[in-house]
Amino acid sequence: MTNSTPGVPLPPPTTIVIFGASGDLTQRKLIPALYTLDVEGRLPAQYAVIGVARSDFDDAAFRDHLKAGAMEHARVRRGDEAAWERFAGHLHYCRGAYDDPAAYVALAGQIAEMDALCATCGNHLFYLATPPQLYPVVVAQLGAAGLNRRGDGFSRIIIEKPFGNDLAGGQALNQQVHEVFDESQVYRIDHYLGKETVQNTLVFRFGNAIFEPLWNRNYVDHVQITVAEEVGVGGRAGYYDAAGVLRDVFQNHLLQLLTLTAMEPPAAFSAKFLRDEKVKVLQAIRPMRPEEVVANTVRGQYRTYRDETGVAPGSTTATFAAARLFVDNWRWQGVPFYLRSGKLMPAKVTEITVQFKDVPHKLFPAAGGEGPRPNFLSFCIQPNEGVHLRFETKVPGAGMRMRSVEMDFQFGEEFGAAALPDAYERLILDALAGDASLFARADEIELSWQIVDPIQAGWDAAARPAPTGDWRTETAPPLEFYEKGTWGPPAADRLLRQSGRHWRLGCFKTTDL
Ligand code: BG6
């Protein structure tokens, strides 16, 4: 074992229970993250992981099932048999149906055994990695079995996205969860908040004095947030065709990135203050009226989407979305926030770009005679993780011509290629430590659905036949098809071009694409 992170105390001994333990998320993300934390010495010496699922495993078969995932996806020590064997000793299995009270009696017994073995003082962390329709079932059963109760230790629950399907669904789920767990016990995960580069937006903004004075409507022309993926829906069509891009990544990842970019400095870095500020941004986002949806959103579908296995014939589910949002507050009045996300794009890239206003008076001609050359600052969330600033410089030689140059900071170069932990490592550790700063609060979830629902409603209405003269036929955006390896339908470019802007990717050299 290497040393734990200096200055970060180890979490207390805990029994971690994963529901959905035979599933993909557990195998590809949760166990590799726990294994990495274990070999890096960031978990306590005594802890237990109990996997719960319906599959017919015993402890040995469960460990075997998980090994391949850890060996493939862990950040460190992938081929280390001895490290795996040591870690696997912490893994146990409890077979049961999620709605069967008897399964929870058995689980409670197994938890008690682990508590005694690991001296956990009754610290329990439950992780819901099941399909979302099972969340209320598992939560209710945990309550009925008394596993929600805090004794000497803690009882916390991590709940994966999607948290509801719309505002009504999000509210209902919040209510069901609150009937069993107090909000302080609930950790709603959005793995984007676990990304180091996402957290760096806060450090960059509030740990430096030089940028914050510019971070407002006086200096910022607009903000762009891109979450582009190279992959299609793959084996997830069953889920995706019902969800679509707005529910899959807009309601959560994109809006979270927006709140971190737009929020006011919190009084302290604590879960309450941080989430209070994010909530204020969500409250300030101008809700879209139905007739505004066409002018402010673009919905696209990649050309071969309907051929994917599991996609309904003639499906109108969007795999690409772009939207223009406004944050109606003192700082951001009139500054558009352009958000876009799509599948089957030319590259996997997540980035936040802040484009500054042009200089008020031009003294120097641009080499090549091009027009305005605003400065822009990009947070490269992934890949090429870092920060990138574009500014103007004098072209050497006679005259005073200028041209744009780039200033780059890359995490990999500064801290080493393997320095960036996986998001799940950070988030599991935070939940064990009782720090909910990087998890969504109940009100955040509901407010973000309030922003997404009217857009989705406009799109859904557009998909249904409407009488002539109805706003839906005239103002709902058409579903536009786009080719694999493009940045979405042409309408996405028009959304910016109509105000003389265009999409930028500061974190890529054009030759990378
Ligand atoms: C998930 C979405 O939340 O995020 C997926 O459900 C998407 O559709 C994924 O592919 C992207 O995450 P990342 O970390 O690979 O950018």
# chains A, B, ... in the order shown; residues from 1 in each chain; ligands from 1
call {"tool": "residues_around", "arguments": {"residues": "Phe411 in chain A", "least_positions_apart": "3", "cutoff": "12 Å", "atoms": "only C-alpha atoms", "output": "list in words"}}
result
Glu196, Thr197, Asn200, Phe379, Cys380, Ile381, Gln382, Pro383, Asn384, Glu385, Gly386, Val387, His388, Asp408, Glu414, Phe415, Gly416, Ala417, Ala418, Ala419, Leu420 and Pro421 of chain A
call {"tool": "select_by_dssp", "arguments": {"residues": "range 244-456 of chain A", "states": "strand (DSSP E)", "output": "PyMOL selection string"}}
result
chain A and resi 297-302+320-326+336-342+349-356+376-382+386-394+402-410
call {"tool": "residues_near_ligand", "arguments": {"ligand": "ligand 1", "cutoff": "9 Å", "atoms": "only C-alpha atoms and all ligand atoms", "output": "PyMOL selection string"}}
result
chain A and resi 161-162+190-192+195+227-229+231-233+236+240+244-245+247-249+252-253+343+348-350+381-382+423
call {"tool": "write_last_selection", "arguments": {"atoms": "N, CA and C atoms", "output": "CSV table (one decimal), in the first residue's frame"}}
result
chain,number,residue,atom,x,y,z
A,161,LYS,N,-27.8,8.8,-10.9
A,161,LYS,CA,-28.7,9.4,-11.9
A,161,LYS,C,-29.2,8.3,-12.8
A,162,PRO,N,-30.4,8.5,-13.5
A,162,PRO,CA,-31.2,9.6,-13.5
A,162,PRO,C,-32.1,9.7,-12.2
A,190,ASP,N,-23.6,12.9,-9.3
A,190,ASP,CA,-23.5,13.4,-10.7
A,190,ASP,C,-22.0,13.2,-10.9
A,191,HIS,N,-21.6,12.2,-11.6
A,191,HIS,CA,-20.1,11.9,-11.6
A,191,HIS,C,-19.3,13.0,-12.2
A,192,TYR,N,-19.9,14.0,-12.9
A,192,TYR,CA,-19.1,15.1,-13.4
A,192,TYR,C,-18.5,16.0,-12.3
A,195,LYS,N,-15.2,14.9,-11.2
A,195,LYS,CA,-14.0,15.1,-12.1
A,195,LYS,C,-13.1,16.2,-11.5
A,227,VAL,N,-20.4,19.1,-24.2
A,227,VAL,CA,-20.2,17.7,-23.8
A,227,VAL,C,-20.4,16.9,-25.0
A,228,ALA,N,-19.3,16.6,-25.7
A,228,ALA,CA,-19.5,15.8,-27.0
A,228,ALA,C,-18.9,14.4,-26.8
A,229,GLU,N,-19.5,13.5,-27.4
A,229,GLU,CA,-19.1,12.1,-27.2
A,229,GLU,C,-18.9,11.5,-28.6
A,231,VAL,N,-18.9,8.2,-29.0
A,231,VAL,CA,-19.7,6.9,-29.1
A,231,VAL,C,-21.2,7.2,-29.4
A,232,GLY,N,-21.8,6.2,-29.9
A,232,GLY,CA,-23.3,6.3,-30.0
A,232,GLY,C,-24.0,5.7,-28.8
A,233,VAL,N,-25.2,5.2,-28.9
A,233,VAL,CA,-25.9,4.8,-27.7
A,233,VAL,C,-25.5,3.4,-27.4
A,236,ARG,N,-27.0,0.7,-24.8
A,236,ARG,CA,-27.9,1.3,-23.8
A,236,ARG,C,-29.2,1.9,-24.5
A,240,TYR,N,-31.8,4.7,-23.3
A,240,TYR,CA,-31.6,6.0,-24.0
A,240,TYR,C,-32.8,6.5,-24.8
A,244,GLY,N,-33.2,10.2,-23.9
A,244,GLY,CA,-32.8,11.3,-24.8
A,244,GLY,C,-31.8,12.2,-24.2
A,245,VAL,N,-31.2,13.0,-25.0
A,245,VAL,CA,-30.0,13.8,-24.5
A,245,VAL,C,-30.3,14.8,-23.4
A,247,ARG,N,-32.5,14.6,-20.9
A,247,ARG,CA,-32.6,13.9,-19.6
A,247,ARG,C,-31.3,13.2,-19.3
A,248,ASP,N,-30.6,12.8,-20.3
A,248,ASP,CA,-29.3,12.0,-20.0
A,248,ASP,C,-28.2,12.9,-19.5
A,249,VAL,N,-28.0,14.0,-20.2
A,249,VAL,CA,-26.8,14.8,-19.8
A,249,VAL,C,-27.1,16.3,-19.5
A,252,ASN,N,-28.4,17.2,-15.8
A,252,ASN,CA,-27.4,16.9,-14.8
A,252,ASN,C,-26.1,17.6,-15.1
A,253,HIS,N,-25.3,16.9,-16.0
A,253,HIS,CA,-23.9,17.3,-16.2
A,253,HIS,C,-23.8,18.7,-16.8
A,343,LYS,N,-24.1,12.7,-29.3
A,343,LYS,CA,-23.3,11.4,-29.5
A,343,LYS,C,-22.9,11.3,-30.9
A,348,LYS,N,-14.4,12.9,-28.3
A,348,LYS,CA,-15.0,13.0,-27.0
A,348,LYS,C,-14.3,14.2,-26.4
A,349,VAL,N,-15.1,15.2,-26.1
A,349,VAL,CA,-14.5,16.5,-25.5
A,349,VAL,C,-15.6,17.1,-24.6
A,350,THR,N,-15.1,17.5,-23.4
A,350,THR,CA,-16.0,18.3,-22.5
A,350,THR,C,-15.2,19.5,-22.2
A,381,ILE,N,-12.1,20.0,-19.6
A,381,ILE,CA,-12.6,19.0,-18.6
A,381,ILE,C,-12.0,17.7,-19.0
A,382,GLN,N,-12.1,17.3,-20.3
A,382,GLN,CA,-11.6,16.1,-20.8
A,382,GLN,C,-11.6,16.1,-22.3
A,423,ALA,N,-13.5,10.0,-11.2
A,423,ALA,CA,-14.6,10.7,-10.5
A,423,ALA,C,-15.1,9.9,-9.3
call {"tool": "closest_residue", "arguments": {"among": "A:Leu429, A:Val279, A:Ile111, A:Met263", "to": "Trp215 in chain A", "atoms": "only C-alpha atoms"}}
result
A:Met263
call {"tool": "residues_around", "arguments": {"residues": "Asp221 in chain A", "least_positions_apart": "3", "cutoff": "10 Å", "atoms": "only C-alpha atoms", "output": "number ranges by chain"}}
result
A: 216-218, 332, 334-337, 354-358, 374-376, 501
call {"tool": "select_by_dssp", "arguments": {"residues": "range 364-491 of chain A", "states": "alpha helix (DSSP H)", "output": "JSON, numbers by chain"}}
result
{"A": [411, 412, 413, 414, 415, 423, 424, 425, 426, 427, 428, 429, 430, 431, 432, 433, 442, 443, 444, 445, 446, 447, 448, 449, 450, 451, 452, 453, 454, 455, 456, 457, 458, 459, 460, 461, 462, 463, 471, 472, 473, 474, 475, 490, 491]}
call {"tool": "closest_residue", "arguments": {"among": "A:Leu107, A:Ala74, A:Ala112, A:Ala97", "to": "Asp56 in chain A", "atoms": "only C-alpha atoms"}}
result
A:Ala97
call {"tool": "residues_around", "arguments": {"residues": "Tyr35 in chain A", "least_positions_apart": "2", "cutoff": "7 Å", "atoms": "only C-alpha atoms", "output": "number ranges by chain"}}
result
A: 31-33, 37-39, 70, 74, 87
call {"tool": "atom_distance", "arguments": {"atom1": "CA of Thr486 in chain A", "atom2": "CA of Gln251 in chain A"}}
result
23.3 Å
call {"tool": "atom_distance", "arguments": {"atom1": "CA of Pro131 in chain A", "atom2": "CA of Gly342 in chain A"}}
result
22.9 Å
call {"tool": "residues_around", "arguments": {"residues": "Leu495 in chain A", "least_positions_apart": "4", "cutoff": "9 Å", "atoms": "only C-alpha atoms", "output": "list in words"}}
result
Ala295, Asn296, Thr297, Val298, Ala322, Ala323, Arg324, Tyr338, Pro490, Ala491, Ser499, Arg501 and His502 of chain A
call {"tool": "residues_around", "arguments": {"residues": "Phe439 in chain A", "least_positions_apart": "4", "cutoff": "10 Å", "atoms": "only C-alpha atoms", "output": "ChimeraX atom specification"}}
result
/A:158-159,186-194,271,275,427,430-431,435,444
call {"tool": "closest_residue", "arguments": {"among": "A:Phe206, A:Phe320, A:Tyr239, A:Phe57", "to": "Ala268 in chain A", "atoms": "only C-alpha atoms"}}
result
A:Phe206
call {"tool": "decode", "arguments": {"residues": "range 1-30 of chain A", "atoms": "N, CA and C atoms", "output": "short mmCIF file (atom, residue, chain, number, x, y, z; two decimals), in the first residue's frame"}}
result
data_model
loop_
_atom_site.label_atom_id
_atom_site.label_comp_id
_atom_site.auth_asym_id
_atom_site.auth_seq_id
_atom_site.Cartn_x
_atom_site.Cartn_y
_atom_site.Cartn_z
N MET A 1 0.83 -1.20 0.00
CA MET A 1 0.00 0.00 0.00
C MET A 1 0.87 1.26 0.00
N THR A 2 0.50 2.21 -0.82
CA THR A 2 1.19 3.50 -0.76
C THR A 2 0.52 4.34 0.32
N ASN A 3 0.99 5.55 0.51
CA ASN A 3 0.43 6.36 1.58
C ASN A 3 -0.86 7.04 1.18
N SER A 4 -1.70 7.29 2.17
CA SER A 4 -2.91 8.06 1.91
C SER A 4 -2.53 9.49 1.54
N THR A 5 -3.52 10.27 1.06
CA THR A 5 -3.23 11.64 0.65
C THR A 5 -2.86 12.49 1.86
N PRO A 6 -1.71 13.16 1.84
CA PRO A 6 -1.33 13.95 3.01
C PRO A 6 -2.40 14.99 3.33
N GLY A 7 -2.72 15.12 4.60
CA GLY A 7 -3.69 16.15 5.00
C GLY A 7 -5.14 15.72 4.87
N VAL A 8 -5.39 14.58 4.22
CA VAL A 8 -6.79 14.12 4.10
C VAL A 8 -6.96 12.91 5.00
N PRO A 9 -7.76 13.04 6.07
CA PRO A 9 -7.88 11.91 6.99
C PRO A 9 -8.57 10.72 6.33
N LEU A 10 -8.22 9.52 6.76
CA LEU A 10 -8.88 8.33 6.22
C LEU A 10 -10.33 8.31 6.70
N PRO A 11 -11.24 7.83 5.86
CA PRO A 11 -12.62 7.71 6.34
C PRO A 11 -12.71 6.62 7.41
N PRO A 12 -13.76 6.63 8.21
CA PRO A 12 -13.87 5.64 9.28
C PRO A 12 -14.22 4.25 8.74
N PRO A 13 -13.95 3.20 9.50
CA PRO A 13 -14.36 1.85 9.08
C PRO A 13 -15.86 1.82 8.77
N THR A 14 -16.21 1.21 7.66
CA THR A 14 -17.60 1.29 7.18
C THR A 14 -17.96 0.00 6.46
N THR A 15 -19.23 -0.37 6.54
CA THR A 15 -19.74 -1.43 5.67
C THR A 15 -20.46 -0.76 4.50
N ILE A 16 -19.94 -1.03 3.31
CA ILE A 16 -20.51 -0.43 2.09
C ILE A 16 -21.38 -1.49 1.42
N VAL A 17 -22.62 -1.12 1.12
CA VAL A 17 -23.53 -2.09 0.49
C VAL A 17 -23.90 -1.57 -0.90
N ILE A 18 -23.60 -2.36 -1.92
CA ILE A 18 -23.91 -1.93 -3.30
C ILE A 18 -25.10 -2.75 -3.82
N PHE A 19 -26.19 -2.05 -4.11
CA PHE A 19 -27.33 -2.71 -4.77
C PHE A 19 -27.12 -2.60 -6.28
N GLY A 20 -27.34 -3.70 -6.96
CA GLY A 20 -27.04 -3.71 -8.41
C GLY A 20 -25.60 -4.17 -8.60
N ALA A 21 -25.19 -5.11 -7.73
CA ALA A 21 -23.77 -5.45 -7.65
C ALA A 21 -23.29 -6.30 -8.83
N SER A 22 -24.22 -6.89 -9.59
CA SER A 22 -23.75 -7.69 -10.73
C SER A 22 -23.77 -6.85 -12.00
N GLY A 23 -24.11 -5.59 -11.89
CA GLY A 23 -24.29 -4.74 -13.07
C GLY A 23 -23.01 -4.09 -13.56
N ASP A 24 -23.21 -3.40 -14.68
CA ASP A 24 -22.12 -2.77 -15.40
C ASP A 24 -21.41 -1.66 -14.61
N LEU A 25 -22.22 -0.83 -13.94
CA LEU A 25 -21.64 0.30 -13.20
C LEU A 25 -20.71 -0.22 -12.09
N THR A 26 -21.18 -1.25 -11.40
CA THR A 26 -20.37 -1.81 -10.32
C THR A 26 -19.06 -2.35 -10.88
N GLN A 27 -19.17 -3.06 -11.99
CA GLN A 27 -17.98 -3.70 -12.54
C GLN A 27 -17.00 -2.72 -13.17
N ARG A 28 -17.54 -1.72 -13.87
CA ARG A 28 -16.64 -0.82 -14.63
C ARG A 28 -16.19 0.40 -13.83
N LYS A 29 -17.00 0.80 -12.84
CA LYS A 29 -16.68 2.05 -12.15
C LYS A 29 -16.46 1.87 -10.64
N LEU A 30 -17.45 1.26 -9.95
CA LEU A 30 -17.40 1.28 -8.48
C LEU A 30 -16.27 0.41 -7.93
#
